[in-house]
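One structure below.
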Amino acid sequence: MGFRGYAELRATFGAGPQLVWGPNAAGKTTLLEAMVLCARGRSHRATSDAELIRWGDPFARVEAALVEPAATIEIALVRDGPAAGRKRVRVNGVPRRPTALGGAVRVVLFAPEEMLLVVGSPGLRRDALDRVAGDRSPAHARATAMYERALRQRNGLLKSIREGSAARDQLRYWDDVLIAAGGAVIAGRLAALAALAGPLAAAHGEIAPDEGPLELRYVGSAAQRPGEEPGEALARRLAETADKEVWNGTTLVGPHRDDVAFLLGDREMAGTASRGQQRSAILALKLAELDLLARLDGRPPLLLLDDVFSELDPARRAHLVRRIAELPQAFVTTTTLDDLDPELRAIGTAWRVEATEGGGARITAGGER
């Protein structure tokens, strides 16, 4: 209710592939966004929760009823009034933190913007890795939130020191918080990469057996020396860059400056890989994420594919269709069902999304098959 373009929407989705089709800007991605919100407590494409509330509405509410495991999720977002900007999360009627949602439902999202994972900004790769690490352990999400808060405070203090309105010894408290939280974030990322290595190699070997081994390598701004823990390496690098940070008025090392490199064989893909090789690597990463999360408790995550079939060639499409068919449930969006493989259309349930008067949207079962 009141979520993006949906004034109200009630729908019950069955097992198997759910094929959501309709014109651009009709509300297909919004439907998937609501599912991401129920799994992660935040949108994958909004910078603030207020963006999710329908224009003119005071609040938005998203509810999900899960069959296996049986659970209910309710998320309320408030725009105005005394509770403005607040987000209320309930699982089975009990108030919970957003980081607890992963225990009820997990999603693997494959969206068009992720086609830039290999060659795009480091932030894309950091976010992708943090999502995997957070799904594996709620503690990672908490450490990330703590690190981001400490980073904002520390950067503000560095600017004040540069301007002469604060003393350098005031950094000590936020240094300690930054080192503790940052060390935990890096450790979680490294653990996630180690866990992904096997599933990633297997998935890429199936998709592109002739392209060579695929590997993800962590590129840290506070590289560890032999015997160092991540927090110790971060503390050392902060000490080494202390004068430069004051001069620049910002924190120059830490998880927010790190990157993940895609390597095909011994070469970094960012400057050498073809578009086809990039797509193979990204698809392999998504399938590896799917396998890794399924191994946590035997429950495959919900796979969400937002208009990505048009980005893949027939061979990669066929591989993806086979994996979708193995899952208890998956959602696929497209502007027309004709863009989907006949095999997928044969086993999927079609849902048509249409824009309505007043900027709203509705979804109905059916479509051309």
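Following the order of the structure tokens, chains are lettered A, B, ..., residues in each are numbered from 1, and ligands are numbered from 1.
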Can you tell me, as a list in words, what residues are no more than 12 Å from Glu245 of chain A when counting only C-alpha atoms, ignoring any on the same chain fewer than 6 positions away?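 Using only C-alpha atoms, the neighbours found are Arg154, Asn155, Gly156, Leu157, Leu158, Lys159, Ser160, Ile161, Arg162, Arg168, Leu171, Arg237, Leu238, Ala239, Thr251, Leu252 and Val253 of chain A.
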Can you write out the residues you just picked, keeping C-alpha atoms, as a short mmCIF file (atom, residue, chain, number, x, y, z; two decimals), in the first residue's frame?
```cif
data_model
loop_
_atom_site.label_atom_id
_atom_site.label_comp_id
_atom_site.auth_asym_id
_atom_site.auth_seq_id
_atom_site.Cartn_x
_atom_site.Cartn_y
_atom_site.Cartn_z
CA ARG A 154 35.77 10.95 11.43
CA ASN A 155 35.65 12.75 8.09
CA GLY A 156 33.78 15.64 9.68
CA LEU A 157 36.39 15.83 12.41
CA LEU A 158 39.25 15.72 9.89
CA LYS A 159 37.75 18.70 8.08
CA SER A 160 37.51 20.59 11.38
CA ILE A 161 41.13 19.77 12.19
CA ARG A 162 42.21 21.02 8.79
CA ARG A 168 44.09 15.97 16.37
CA LEU A 171 40.44 11.56 16.51
CA ARG A 237 47.81 2.26 7.53
CA LEU A 238 45.83 4.94 9.39
CA ALA A 239 48.98 5.84 11.30
CA THR A 251 39.83 9.21 5.50
CA LEU A 252 42.08 7.74 2.82
CA VAL A 253 42.21 4.05 3.78
#
```
Write out as a ChimeraX atom specification the residues lying within 8 Å of Thr349 of chain A, counting only C-alpha atoms and excluding same-chain residues fewer than 5 positions away. /A:16-19,365-366
Go ahead and save the picked residues with all heavy atoms, as an mmCIF file, in the first residue's frame.
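What ended up in part_10.cif:
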```
data_model
loop_
_atom_site.group_PDB
_atom_site.id
_atom_site.type_symbol
_atom_site.label_atom_id
_atom_site.label_comp_id
_atom_site.auth_asym_id
_atom_site.auth_seq_id
_atom_site.Cartn_x
_atom_site.Cartn_y
_atom_site.Cartn_z
ATOM 1 N N GLY A 16 7.394 -22.049 -8.854
ATOM 2 C CA GLY A 16 7.951 -22.003 -10.194
ATOM 3 C C GLY A 16 8.239 -20.596 -10.670
ATOM 4 O O GLY A 16 8.096 -19.613 -9.926
ATOM 5 N N PRO A 17 8.620 -20.454 -11.936
ATOM 6 C CA PRO A 17 8.942 -19.132 -12.482
ATOM 7 C C PRO A 17 7.701 -18.256 -12.611
ATOM 8 O O PRO A 17 6.671 -18.696 -13.130
ATOM 9 C CB PRO A 17 9.534 -19.449 -13.864
ATOM 10 C CG PRO A 17 9.892 -20.897 -13.821
ATOM 11 C CD PRO A 17 8.919 -21.541 -12.892
ATOM 12 N N GLN A 18 7.807 -17.022 -12.150
ATOM 13 C CA GLN A 18 6.733 -16.028 -12.267
ATOM 14 C C GLN A 18 7.202 -14.993 -13.282
ATOM 15 O O GLN A 18 8.193 -14.288 -13.045
ATOM 16 C CB GLN A 18 6.443 -15.379 -10.920
ATOM 17 C CG GLN A 18 6.217 -16.372 -9.784
ATOM 18 C CD GLN A 18 5.006 -17.254 -10.014
ATOM 19 O OE1 GLN A 18 3.895 -16.755 -10.248
ATOM 20 N NE2 GLN A 18 5.200 -18.565 -9.946
ATOM 21 N N LEU A 19 6.537 -14.910 -14.414
ATOM 22 C CA LEU A 19 6.963 -14.067 -15.529
ATOM 23 C C LEU A 19 6.156 -12.774 -15.517
ATOM 24 O O LEU A 19 4.975 -12.757 -15.865
ATOM 25 C CB LEU A 19 6.766 -14.819 -16.851
ATOM 26 C CG LEU A 19 7.272 -16.271 -16.865
ATOM 27 C CD1 LEU A 19 7.026 -16.895 -18.227
ATOM 28 C CD2 LEU A 19 8.740 -16.342 -16.469
ATOM 29 N N ALA A 365 -3.087 -11.724 -13.546
ATOM 30 C CA ALA A 365 -2.565 -12.982 -14.074
ATOM 31 C C ALA A 365 -2.913 -13.103 -15.543
ATOM 32 O O ALA A 365 -3.983 -12.686 -15.984
ATOM 33 C CB ALA A 365 -3.140 -14.168 -13.287
ATOM 34 N N GLY A 366 -1.976 -13.685 -16.297
ATOM 35 C CA GLY A 366 -2.249 -13.978 -17.690
ATOM 36 C C GLY A 366 -1.330 -13.256 -18.641
ATOM 37 O O GLY A 366 -0.470 -12.470 -18.257
#
```
Return as a tab-separated table the residues of segment 245-358 of chain A lying at most 9 Å from segment 133-140 of chain A, together with the closest atom-to-atom pair for each and the distance in Å to one decimal, counting only C-alpha atoms, with rows in chain order and ascending residue number.
```
residue	atom	partner	partner_atom	distance
A:Leu292	CA	A:Arg136	CA	8.7
A:Leu293	CA	A:Arg136	CA	7.1
A:Leu296	CA	A:Arg136	CA	7.4
```
Applying 6 Å and only C-alpha atoms, which residues near Arg106 of chain A remain after dropping the ones on its own chain fewer than 4 positions away? List them as a short mmCIF file (atom, residue, chain, number, x, y, z; two decimals) with all heavy atoms, in the first residue's frame.
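Result written to result.cif:
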```
data_model
loop_
_atom_site.label_atom_id
_atom_site.label_comp_id
_atom_site.auth_asym_id
_atom_site.auth_seq_id
_atom_site.Cartn_x
_atom_site.Cartn_y
_atom_site.Cartn_z
N ALA A 39 13.46 -8.57 2.13
CA ALA A 39 14.59 -9.45 2.41
C ALA A 39 15.76 -8.72 3.05
O ALA A 39 16.49 -9.28 3.87
CB ALA A 39 15.06 -10.12 1.12
N GLY A 102 17.04 -11.32 6.88
CA GLY A 102 17.69 -12.38 6.11
C GLY A 102 17.40 -13.77 6.66
O GLY A 102 17.48 -14.76 5.92
N PRO A 301 17.59 -19.31 -2.13
CA PRO A 301 17.03 -17.96 -2.06
C PRO A 301 16.06 -17.70 -3.21
O PRO A 301 15.98 -18.48 -4.17
CB PRO A 301 18.26 -17.05 -2.18
CG PRO A 301 19.41 -17.91 -2.48
CD PRO A 301 19.00 -19.33 -2.44
#
```
From the options A:Cys38, A:Val94, A:Val332, A:Ala7, which residue's atoms come nearest to Ala350 of chain A, counting only C-alpha atoms? A:Val332
What parts of segment 82-312 of chain A does DSSP call helix (DSSP H, G or I)? I'd like the answer as a ChimeraX atom specification. /A:98-103,112-116,122-136,138-162,168-207,230-240,242-248,255-257,269-271,275-297,309-311
Please identify all polymer residues within 8 Å of Lys28 of chain A, counting only C-alpha atoms, omitting same-chain residues fewer than 5 positions from it, and present them as a VMD selection string. chain A and resid 20 to 22 333 353
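Computed from the coordinates, the atom CA of Ile53 of chain A to atom CA of Phe331 of chain A distance equals 22.9 Å.
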What's the 8 Å shell around Glu74 of chain A, counting only C-alpha atoms, without same-chain residues fewer than 6 positions away, as a PyMOL selection string? chain A and resi 38+61-64+88-91+93
Could you write out that same residue set with N, CA, C and O atoms as a CSV table (one decimal), in the first residue's frame?
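Saved result, selection.csv, follows:
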```csv
chain,number,residue,atom,x,y,z
A,38,CYS,N,11.7,-6.5,1.6
A,38,CYS,CA,11.3,-7.5,2.6
A,38,CYS,C,12.5,-8.4,3.0
A,38,CYS,O,12.5,-9.0,4.1
A,61,ARG,N,3.3,0.8,3.2
A,61,ARG,CA,3.4,-0.5,3.9
A,61,ARG,C,3.5,-1.7,2.9
A,61,ARG,O,2.8,-1.7,1.9
A,62,VAL,N,4.5,-2.5,3.2
A,62,VAL,CA,4.7,-3.7,2.4
A,62,VAL,C,4.6,-4.9,3.3
A,62,VAL,O,5.2,-5.0,4.4
A,63,GLU,N,3.8,-5.9,2.9
A,63,GLU,CA,3.6,-7.1,3.7
A,63,GLU,C,3.9,-8.3,2.8
A,63,GLU,O,3.5,-8.3,1.7
A,64,ALA,N,4.5,-9.3,3.4
A,64,ALA,CA,4.7,-10.6,2.7
A,64,ALA,C,4.4,-11.8,3.6
A,64,ALA,O,4.8,-11.8,4.8
A,88,ARG,N,9.5,0.8,10.4
A,88,ARG,CA,9.1,-0.2,11.3
A,88,ARG,C,9.1,-1.6,10.7
A,88,ARG,O,8.5,-1.8,9.6
A,89,VAL,N,9.8,-2.5,11.3
A,89,VAL,CA,10.0,-3.9,10.7
A,89,VAL,C,9.4,-4.9,11.7
A,89,VAL,O,9.8,-4.8,12.9
A,90,ARG,N,8.5,-5.7,11.3
A,90,ARG,CA,8.0,-6.8,12.1
A,90,ARG,C,8.1,-8.1,11.4
A,90,ARG,O,7.8,-8.2,10.2
A,91,VAL,N,8.5,-9.1,12.1
A,91,VAL,CA,8.6,-10.5,11.6
A,91,VAL,C,7.7,-11.4,12.5
A,91,VAL,O,8.0,-11.4,13.7
A,93,GLY,N,4.9,-10.6,13.5
A,93,GLY,CA,4.3,-9.7,14.5
A,93,GLY,C,5.2,-9.1,15.5
A,93,GLY,O,4.8,-8.3,16.3
```
Interatomic distance between atom CA of Pro199 of chain A and atom CA of Pro213 of chain A?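 If I compute the distance from atom CA of Pro199 of chain A to atom CA of Pro213 of chain A, I get 12.0 Å.
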Option closest in space to Leu327 of chain A, from A:Ala15, A:Ala84, A:Ile363, A:Leu216 [counting only C-alpha atoms]: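 Under the stated criterion, the closest residue is A:Ala15.
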Residue with smallest distance to Glu33 of chain A - pool A:Leu234, A:Glu311, A:Leu305, A:Asp130, counting only C-alpha atoms: A:Leu305
Which residues are near segment 286-289 of chain A? Cut-off 12 Å, only C-alpha atoms, ignore same chain within fewer than 6 positions. Put them as a ChimeraX atom specification. /A:106-111,114-115,117,128-136,192-207,214-216,279-280,295-296,300-305,316,319-324,327
Could you pull out the residues in segment 140-330 of chain A that DSSP calls strand (DSSP E) from the backbone, as a PyMOL selection string? chain A and resi 214-219+259-264+267-268+302-306+329-330
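Between atom CA of Pro82 of chain A and atom CA of Trp55 of chain A the separation is 19.0 Å.
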